[in-house]
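Undergrad: Encoded as structure tokens, here's the structure I'll be asking about.
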Amino acid sequence: MTEHENELERFFAAAKAEAPMPSGDFMARVLAEAEATQAGLTAPPVRAPAGRDGLWATISGLFGGSIGLGGMATAALAGLWIGFAGADNLASYWPGTTADIGTLELMPGEDLVTLALGEGY
Amino acid sequence: MSMAFDALSDVSDEALLVLYGNGDRAAARSLTLRFAPLAFRVALRMLGDRAEAEDLAQEAMLRLWKIAPDWRNGEAKVSTWLYRVVSNLATDRLRKRRGVGLDEAPEIEDGRASVLDEMIETGRAAALQAALQALPERQRQAVILRHIEGMSNPEIAEAMEIGVEAVESLTARGKRGLAKLLAGQREELGFGDD
């Protein structure tokens with residue numbers, strides 16, 4: 001080891017011997033942060049408020065609350081009644097004749113196609 | 001503030017970190033006692049400013065607390081991990097402070113020791129600390145970890161994320177730089193008769 005290296009070693013030894021120490025406040029801050037972070041790591045997961053997380057509340061929420069569920073219940077009862085009574089009897093609930101109900105055309109009629117072709121479209 | 005004795009002194013650093021992640025309050029205290037002074041010490045030697053070193057060390061420790069649940073045993077030593085975090089944070093701060101990249105950091109030149117004359121305090125430790133501040137960051141980091149913290153070259157390589165040969169080169173250049181910087185202090189620091 002050269003003379004310069006020997007000197008440096010003595011500087012390093014002095015630095016080790018006089019290692020800077022942190023303040024008590026610093027140590028307290030670090031520990032407080034350790035405990036606060038730890039509390040967050042081990043805290044139980046946050047749950048929804050009691051009374052809103054039952055099965056009924058979940059289903060009700062899916063269908064838009066009590067109003068939505070009421071509409072669904074009415075439709076279900078109507079369907080049940082029609083199924084039980086038979087569709088033929090529905091005519092008795094219609095104030096006119098069944099011919100008045102009319103029909104709905106879902107596809108354009110032949111006349112419309114002919115008209116379109118005749119007009120050169 | 002006085003802190004209680006490390007009640008878990010027989011427990012390894014890595015096991016302590018796992019205990020901490022599981023909510024053990026004694027582990028939080030033990031880890032603080034073991035590593036907060038280390039983080040502060042390295043930060044102070046890198047930055048040369050006590051308040052800034054405490055701030056940086058606290059930030060590094062917070063990262064340790066947050067990584068605890070994901071810590072996997074066998075991947076790294078806690079101390080090496082912390083050295084790396086402190087070193088990286090310190091390097092970032094030094095870059096911002098100086099406004100230049102590490103590659104632009106000047107090498108030590110002869111005659112630079114005269115600059116130290118204005119900042120040298122009495123005592124070898126203080127003189128070394130002042131000289132360290134004049135070294136390029138990477139050299140300073142390697143010298144601190146090798147010759148003051150007593151880490152092995154492979155540990156330093158891991159902490160600095162470089163190869164062992166690069167560590168050897170940095171410490172050698174750092175020591176040459178320190179020797180030049182301290183040369184002018186020989187007599188007043190008790191080396192005059194050597």
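The way I read the labels, and the way they are meant: chains A, B, ... in the order of the structure tokens, residue 1 as the first residue of every chain, and ligand 1 as the first ligand shown, with later ones counted on from there.
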Within 10 Å of Leu8 in chain A, counting only C-alpha atoms, which residues qualify if same-chain residues fewer than 6 places away don't, as a PyMOL selection string?
TA: (chain A and resi 2+14) or (chain B and resi 124+128+147+175-176+178-179+182)
Undergrad: Could you give me, as CSV, every chain B residue with an atom at most 8 Å from chain A, plus its closest atom pair and distance in Å to one decimal, counting only C-alpha atoms, rows ordered by chain then number?
TA:
residue,atom,partner,partner_atom,distance
B:Met1,CA,A:Gly24,CA,4.4
B:Ser2,CA,A:Gly24,CA,6.9
B:Tyr20,CA,A:Gln38,CA,7.1
B:Gly21,CA,A:Gln38,CA,6.8
B:Asn22,CA,A:Thr42,CA,6.8
B:Gly23,CA,A:Thr42,CA,5.9
B:Arg25,CA,A:Glu35,CA,7.0
B:Ala28,CA,A:Ala34,CA,6.1
B:Arg29,CA,A:Leu31,CA,6.4
B:Thr32,CA,A:Leu31,CA,6.0
B:Leu33,CA,A:Met27,CA,7.9
B:Ala36,CA,A:Met27,CA,6.9
B:Pro37,CA,A:Pro22,CA,6.0
B:Phe40,CA,A:Pro22,CA,6.4
B:Arg41,CA,A:Pro20,CA,5.9
B:Leu44,CA,A:Pro20,CA,7.9
B:Glu54,CA,A:Phe26,CA,6.6
B:Gln58,CA,A:Val30,CA,5.9
B:Met61,CA,A:Val30,CA,7.1
B:Leu62,CA,A:Glu33,CA,7.0
B:Trp65,CA,A:Ala34,CA,6.1
B:Lys66,CA,A:Thr37,CA,7.0
B:Pro69,CA,A:Leu41,CA,7.7
B:Arg124,CA,A:Phe11,CA,5.5
B:Ala125,CA,A:Ala15,CA,4.4
B:Ala126,CA,A:Ala15,CA,7.7
B:Leu128,CA,A:Phe11,CA,6.2
B:Gln129,CA,A:Ala15,CA,7.8
B:His147,CA,A:Phe12,CA,6.4
B:Ile148,CA,A:Lys16,CA,5.8
B:Glu149,CA,A:Lys16,CA,7.7
B:Lys175,CA,A:Leu8,CA,7.7
B:Leu178,CA,A:Leu8,CA,7.8
B:Ala179,CA,A:His4,CA,6.7
B:Phe191,CA,A:Glu7,CA,7.7
Undergrad: Could you state the separation of CA of Ala183 in chain B and CA of Leu170 in chain B in Å, given to one decimal place?
TA: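 Separation between CA of Ala183 in chain B and CA of Leu170 in chain B: 19.7 Å.
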Undergrad: If you run DSSP on the backbone here, which positions in range 3-188 of chain B get helix (DSSP H, G or I)? Please write them as a ChimeraX atom specification.
TA: /B:13-21,25-47,50-70,78-98,102-104,113-116,124-134,137-148,153-160,164-183,187-188
Undergrad: Pick out the residues sitting within 8 Å of Pro154 in chain B, and hand them over as a ChimeraX atom specification; count only C-alpha atoms, and ignore anything fewer than 2 positions along from it in its own chain.
TA: /B:152,156-158,163-164
Undergrad: Can you work out the spacing between CA of Lys96 in chain B and CA of Glu137 in chain B in Å, to one decimal?
TA: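 It comes out at 12.5 Å.
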Undergrad: What does the distance between CA of Asn88 in chain B and CA of Leu16 in chain B come to in Å, to one decimal place?
TA: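 CA of Leu16 in chain B lies at a distance of 23.9 Å from CA of Asn88 in chain B.
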Undergrad: Would you list the contacts of Thr91 in chain B as a PyMOL selection string, taking every protein, DNA or RNA residue within 9 Å and counting only C-alpha atoms, but skipping same-chain residues closer than 2 positions in sequence?
TA: chain B and resi 46-47+86-89+93-96+102+137-138+141
